[in-house]
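Data block below; observations after.
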Amino acid sequence: MNSPNETRPNGPRPLRICHVITRMIVGGAQENTLLTIRGHREAGQECELVTGPSPGREGELLKQSVNTGLKVTVFPELVRELSPWNDLKAYLRLRRYFRENSFDVVHTHSSKAGIIGRFAARAAHVPVVVHTVHGQAFHPHERWYKNFLYILLERFAAYKCDRIFAVAQAMIDQCVAANVAPREKYRIVYSGMDTTRFAAAKRDPELRRRLGIPEKARTIVTVARLFPLKGYEFVLPAAERVVEKFPDTHFLIVGDGPMHDELAAKIAAAGLTEHFHFAGLVPPDAVAEYLAQGELLWHLSLREGLPRAVVQALACGIPAVGFALDGTPEVLENGVTGFAVKPESVDEVVAATSAVWSDDALRARMGAEGKRRVLEQFDWRRMADILLAEYRELFARR
């Protein structure tokens with residue numbers, strides 16, 4: 001076999017790259033993975049994707065993928081939940097698949113696929129094995145014994161790979177603090193997205209009419225799966241107080257998930273049904289249109305890597321209010337691009353929102369500065385280029 005770094009008349013030969021992720025729901029890690037693959041395929045590399053099944057209301061991103069002709073292999077054994085029998089079968093099948101296909105690079109994403117995939121790739125003697133931390137499996141809201149297990153498994157998996165990428169500096173700091181791996185093993189690669197689409201998005205009276213949002217209503221948008229730890233337990237009590245003070249405030253919820261019926265029932269019980277508008281599951285290339293109907297984003301997630309929704313809102317010129325944890329403070333600077341408030345503090349969410357609603361000039365300044373920063377830092381092609389350069393560097397070292 002030719003060396004991956006063998007120089008040809010038009011440069012080194014294409015790399016054979018396999019990305020592995022637990023599931024391909026509509027989510028940030030999944031969008032990140034597909035954009036990376038797209039960038040590398042456009043650069044002439046050979047890419048494949050291995051994933052587990054994606055059941056439920058959270059959607060299937062592959063149905064909306066622009067990666068035409070991408071080879072996708074679904075392993076039913078690769079499931080999100082801890083399942084020793086399925087996990088063993090997934091490991092054996094991945095190891096065999098890697099051996100049979102002679103990949104140059106295996107790049108894993110998400111915790112389950114990251115652990116099993118790295119062990120399988122190293123056992124199959126894949127030359128370069130890398131992983132991206134999109135969000136931690138261990139976190140303050142998880143049971144202690146699960147955190148202990150997750151950290152232990154992450155330490156073993158870190159030993160089996162050549163580099164660990166993280167979508168935010170906070171992810172690196174948390175891993176180093178937990179002794180997952182030494183700091184020098186990590187590289188920060190901010191999660192890229194199609195920032196131009198968001199920058200061009202405009203307010204659409206017809207879309208607002210279809211959603212039932214009054215023409216002159218102030219609108220707060222959330223973009224997140226309706227799933228535990230995404231912060232919806234704080235959205236409703238904060239919304240009650242904001243509506244009491246600013247009765248023309250409406251809320252647009254973009255996303256779907258297992259909490260939909262529960263959330264809708266609580267909104268009805270609070271008498272706020274007319275103020276809430278559910279967009280449902282929106283294709284990634286349409287999220288910009290929905291974000292542009294708002295003047296402010298709330299992102300109250302308790303567990304985050306890099307908050308893509310915040311980046312996307314800023315790209316639209318919309319400031320955000322989010323909890324100051326994980327990667328959120330890396331994009332939300334208080335009073336400059338929005339407000340990063342104390343985690344779980346409804347009082348601070350309401351105060352920050354009141355400040356934005358009471359000062360149109362402040363809202364405009366924060367939106368403009370956020371847009372400027374995001375367009376420079378979060379372009380998806382920049383992300384793909386950085387990762388490809390890292391792959392090549394690792395090959396050279398080996």
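Ligands are numbered from 1 in the order shown, chains are lettered A, B, ... in the order of the structure tokens, and residues start at 1 in each chain.
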Neighbours of Ala286 of chain A within 10 Å (only C-alpha atoms; same-chain residues fewer than 6 positions away dropped), as a list in words? Arg197, Phe198 and Ala201 of chain A
Tell me which protein, DNA and RNA residues are within 10 Å of segment 353-360 of chain A, counting only C-alpha atoms, leaving out same-chain ones fewer than 6 positions away, and put them as JSON, numbers by chain. {"A": [218, 220, 238, 239, 242, 245, 246, 249, 295, 296, 297, 298, 319, 320, 321, 335, 338, 339, 347, 366]}
The selected residues should be written to file as a short mmCIF file (atom, residue, chain, number, x, y, z; two decimals), in the first residue's frame (atoms: N, CA and C atoms).
```
data_model
loop_
_atom_site.label_atom_id
_atom_site.label_comp_id
_atom_site.auth_asym_id
_atom_site.auth_seq_id
_atom_site.Cartn_x
_atom_site.Cartn_y
_atom_site.Cartn_z
N ARG A 218 -42.41 40.92 20.48
CA ARG A 218 -41.00 40.63 20.77
C ARG A 218 -40.89 39.11 20.86
N ILE A 220 -38.57 35.62 21.62
CA ILE A 220 -37.41 34.91 22.15
C ILE A 220 -37.42 33.51 21.55
N ALA A 238 -39.10 31.34 33.80
CA ALA A 238 -38.55 32.63 33.33
C ALA A 238 -39.54 33.31 32.39
N ALA A 239 -40.17 32.52 31.53
CA ALA A 239 -41.14 33.08 30.57
C ALA A 239 -42.33 33.71 31.31
N VAL A 242 -41.20 37.12 32.51
CA VAL A 242 -40.94 38.06 31.42
C VAL A 242 -42.25 38.54 30.81
N LYS A 245 -43.99 41.14 32.82
CA LYS A 245 -43.39 42.48 32.71
C LYS A 245 -43.50 43.03 31.30
N PHE A 246 -43.38 42.16 30.31
CA PHE A 246 -43.45 42.57 28.90
C PHE A 246 -44.50 41.67 28.21
N THR A 249 -44.27 39.74 24.71
CA THR A 249 -43.21 38.76 24.47
C THR A 249 -43.81 37.40 24.08
N GLU A 295 -35.69 38.23 18.27
CA GLU A 295 -34.79 39.32 18.64
C GLU A 295 -33.81 38.91 19.72
N LEU A 296 -34.02 37.73 20.31
CA LEU A 296 -33.16 37.25 21.40
C LEU A 296 -33.24 35.72 21.43
N LEU A 297 -32.11 35.10 21.77
CA LEU A 297 -32.08 33.65 21.96
C LEU A 297 -31.91 33.35 23.44
N TRP A 298 -32.66 32.37 23.93
CA TRP A 298 -32.39 31.78 25.25
C TRP A 298 -31.76 30.42 25.02
N PRO A 319 -28.52 38.74 19.77
CA PRO A 319 -27.80 38.42 21.03
C PRO A 319 -28.47 37.25 21.74
N ALA A 320 -27.81 36.74 22.77
CA ALA A 320 -28.31 35.56 23.47
C ALA A 320 -28.12 35.70 24.98
N VAL A 321 -28.95 34.96 25.70
CA VAL A 321 -28.80 34.79 27.14
C VAL A 321 -28.61 33.30 27.38
N GLY A 335 -22.73 41.77 28.11
CA GLY A 335 -22.91 43.13 27.64
C GLY A 335 -22.29 43.41 26.30
N GLY A 338 -24.07 39.40 24.44
CA GLY A 338 -25.24 38.87 25.14
C GLY A 338 -24.93 38.81 26.62
N PHE A 339 -25.53 37.83 27.31
CA PHE A 339 -25.30 37.69 28.74
C PHE A 339 -25.13 36.22 29.11
N ASP A 347 -33.78 34.17 38.05
CA ASP A 347 -33.70 35.61 38.33
C ASP A 347 -32.77 36.31 37.34
N MET A 366 -24.99 44.48 20.59
CA MET A 366 -24.57 43.12 20.91
C MET A 366 -24.76 42.19 19.72
#
```
Could you write out, as a list in words, all the residues of segment 17-91 of chain A that DSSP marks as strand (DSSP E)? Ile17, Cys18, His19, Val20, Ile21, Glu46, Cys47, Glu48, Leu49, Val50, Thr51, Lys71, Val72, Thr73 and Val74 of chain A
Emit the selected residues as a PDB file, in the first residue's frame, including N, CA and C atoms.
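Wrote it out as out_29.pdb, contents follow:
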```pdb
ATOM      1  N   ILE A  17     -10.734   7.929   5.253  1.00  0.00           N
ATOM      2  CA  ILE A  17     -11.154   8.389   6.579  1.00  0.00           C
ATOM      3  C   ILE A  17     -12.506   7.782   6.920  1.00  0.00           C
ATOM      4  N   CYS A  18     -12.606   7.253   8.118  1.00  0.00           N
ATOM      5  CA  CYS A  18     -13.887   6.738   8.604  1.00  0.00           C
ATOM      6  C   CYS A  18     -14.296   7.513   9.856  1.00  0.00           C
ATOM      7  N   HIS A  19     -15.455   8.139   9.801  1.00  0.00           N
ATOM      8  CA  HIS A  19     -16.020   8.815  10.972  1.00  0.00           C
ATOM      9  C   HIS A  19     -17.010   7.874  11.641  1.00  0.00           C
ATOM     10  N   VAL A  20     -16.977   7.839  12.964  1.00  0.00           N
ATOM     11  CA  VAL A  20     -17.855   6.947  13.728  1.00  0.00           C
ATOM     12  C   VAL A  20     -18.588   7.781  14.773  1.00  0.00           C
ATOM     13  N   ILE A  21     -19.923   7.649  14.793  1.00  0.00           N
ATOM     14  CA  ILE A  21     -20.731   8.407  15.747  1.00  0.00           C
ATOM     15  C   ILE A  21     -21.883   7.518  16.206  1.00  0.00           C
ATOM     16  N   GLU A  46     -11.191  10.442   0.788  1.00  0.00           N
ATOM     17  CA  GLU A  46     -12.197   9.382   0.727  1.00  0.00           C
ATOM     18  C   GLU A  46     -12.780   9.189   2.127  1.00  0.00           C
ATOM     19  N   CYS A  47     -14.076   9.423   2.267  1.00  0.00           N
ATOM     20  CA  CYS A  47     -14.702   9.403   3.592  1.00  0.00           C
ATOM     21  C   CYS A  47     -15.873   8.430   3.647  1.00  0.00           C
ATOM     22  N   GLU A  48     -16.016   7.803   4.803  1.00  0.00           N
ATOM     23  CA  GLU A  48     -17.172   6.970   5.105  1.00  0.00           C
ATOM     24  C   GLU A  48     -17.689   7.349   6.476  1.00  0.00           C
ATOM     25  N   LEU A  49     -18.931   6.949   6.751  1.00  0.00           N
ATOM     26  CA  LEU A  49     -19.541   7.210   8.049  1.00  0.00           C
ATOM     27  C   LEU A  49     -20.138   5.917   8.592  1.00  0.00           C
ATOM     28  N   VAL A  50     -19.812   5.614   9.849  1.00  0.00           N
ATOM     29  CA  VAL A  50     -20.428   4.493  10.555  1.00  0.00           C
ATOM     30  C   VAL A  50     -21.219   5.067  11.720  1.00  0.00           C
ATOM     31  N   THR A  51     -22.467   4.626  11.868  1.00  0.00           N
ATOM     32  CA  THR A  51     -23.316   5.159  12.922  1.00  0.00           C
ATOM     33  C   THR A  51     -24.236   4.071  13.452  1.00  0.00           C
ATOM     34  N   LYS A  71     -20.856   6.987   1.627  1.00  0.00           N
ATOM     35  CA  LYS A  71     -21.142   5.631   2.100  1.00  0.00           C
ATOM     36  C   LYS A  71     -21.428   5.685   3.593  1.00  0.00           C
ATOM     37  N   VAL A  72     -22.618   5.236   3.968  1.00  0.00           N
ATOM     38  CA  VAL A  72     -23.037   5.219   5.364  1.00  0.00           C
ATOM     39  C   VAL A  72     -23.360   3.780   5.760  1.00  0.00           C
ATOM     40  N   THR A  73     -22.759   3.328   6.861  1.00  0.00           N
ATOM     41  CA  THR A  73     -23.021   1.988   7.373  1.00  0.00           C
ATOM     42  C   THR A  73     -23.633   2.106   8.760  1.00  0.00           C
ATOM     43  N   VAL A  74     -24.794   1.481   8.946  1.00  0.00           N
ATOM     44  CA  VAL A  74     -25.487   1.524  10.235  1.00  0.00           C
ATOM     45  C   VAL A  74     -25.258   0.215  10.982  1.00  0.00           C
TER      46      VAL A  74
END
```
Distance table requested - segment 186-304 of chain A against segment 135-156 of chain A, cut-off 10 Å, only C-alpha atoms: one row per qualifying residue with the closest atom pair and its distance in Å to one decimal, ordered by chain and rising residue number, as CSV.
```
residue,atom,partner,partner_atom,distance
A:Leu229,CA,A:His141,CA,8.3
A:Leu302,CA,A:His141,CA,8.2
A:Arg303,CA,A:Gly135,CA,7.3
A:Glu304,CA,A:Gly135,CA,5.6
```
Could the residues in this selection be saved with C-alpha atoms as an mmCIF file, in the first residue's frame?
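part.cif written:
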```
data_model
loop_
_atom_site.group_PDB
_atom_site.id
_atom_site.type_symbol
_atom_site.label_atom_id
_atom_site.label_comp_id
_atom_site.auth_asym_id
_atom_site.auth_seq_id
_atom_site.Cartn_x
_atom_site.Cartn_y
_atom_site.Cartn_z
ATOM 1 C CA LEU A 229 -30.734 18.863 30.666
ATOM 2 C CA LEU A 302 -27.166 22.513 31.692
ATOM 3 C CA ARG A 303 -24.794 20.378 29.631
ATOM 4 C CA GLU A 304 -23.086 21.744 26.560
#
```
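Residue nearest Arg308 of chain A within the list A:Leu362, A:Ala384, A:Leu332, A:Val341: A:Leu332 [criterion: smallest interatomic distance, only C-alpha atoms].
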Counting only C-alpha atoms, what is within 10 Å of Pro214 of chain A, bar same-chain residues fewer than 5 positions away, as a ChimeraX atom specification? /A:205,208-209,219,248-250,275
How would the residues just picked look written out with C-alpha atoms as an mmCIF file, in the first residue's frame?
```
data_model
loop_
_atom_site.group_PDB
_atom_site.id
_atom_site.type_symbol
_atom_site.label_atom_id
_atom_site.label_comp_id
_atom_site.auth_asym_id
_atom_site.auth_seq_id
_atom_site.Cartn_x
_atom_site.Cartn_y
_atom_site.Cartn_z
ATOM 1 C CA PRO A 205 -43.735 38.062 7.910
ATOM 2 C CA ARG A 208 -44.281 34.434 11.439
ATOM 3 C CA ARG A 209 -47.916 34.286 10.312
ATOM 4 C CA THR A 219 -39.799 37.089 20.161
ATOM 5 C CA ASP A 248 -45.977 41.391 24.088
ATOM 6 C CA THR A 249 -43.210 38.756 24.468
ATOM 7 C CA HIS A 250 -43.644 35.486 22.558
ATOM 8 C CA HIS A 275 -47.339 33.015 23.910
#
```
With segment 112-134 of chain A as the partner and 10 Å as the cut-off, tabulate the residues of segment 296-375 of chain A that qualify, each row holding the nearest pair of atoms and their distance in Å to one decimal, using only C-alpha atoms, sorted by chain and rising number, as a tab-separated table.
```
residue	atom	partner	partner_atom	distance
A:Glu304	CA	A:His134	CA	7.9
A:Gly305	CA	A:His134	CA	5.1
A:Leu306	CA	A:His134	CA	7.1
A:Pro307	CA	A:His134	CA	9.8
```
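Residues surrounding segment 179-192 of chain A within 6 Å are Arg155, Arg163, Ile164, Phe165, Ala166, Val167, Cys175, Val176, Phe378, Asp379, Trp380 and Met383 of chain A [only C-alpha atoms; sequence separation below 3 positions excluded].
The coordinates place atom CA of Leu62 of chain A at 22.2 Å from atom CA of Leu291 of chain A.
Restricting the calculation to only C-alpha atoms, the smallest distance between Ala224 of chain A and any of A:Gly27, A:Gly39, A:Pro329, A:Gly271 is found for A:Gly27.
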Near segment 232-235 of chain A, within 8 Å and counting only C-alpha atoms, which residues show up once chain neighbours fewer than 6 positions away are dropped, as a VMD selection string? chain A and resid 226 263 300 to 301 344 346
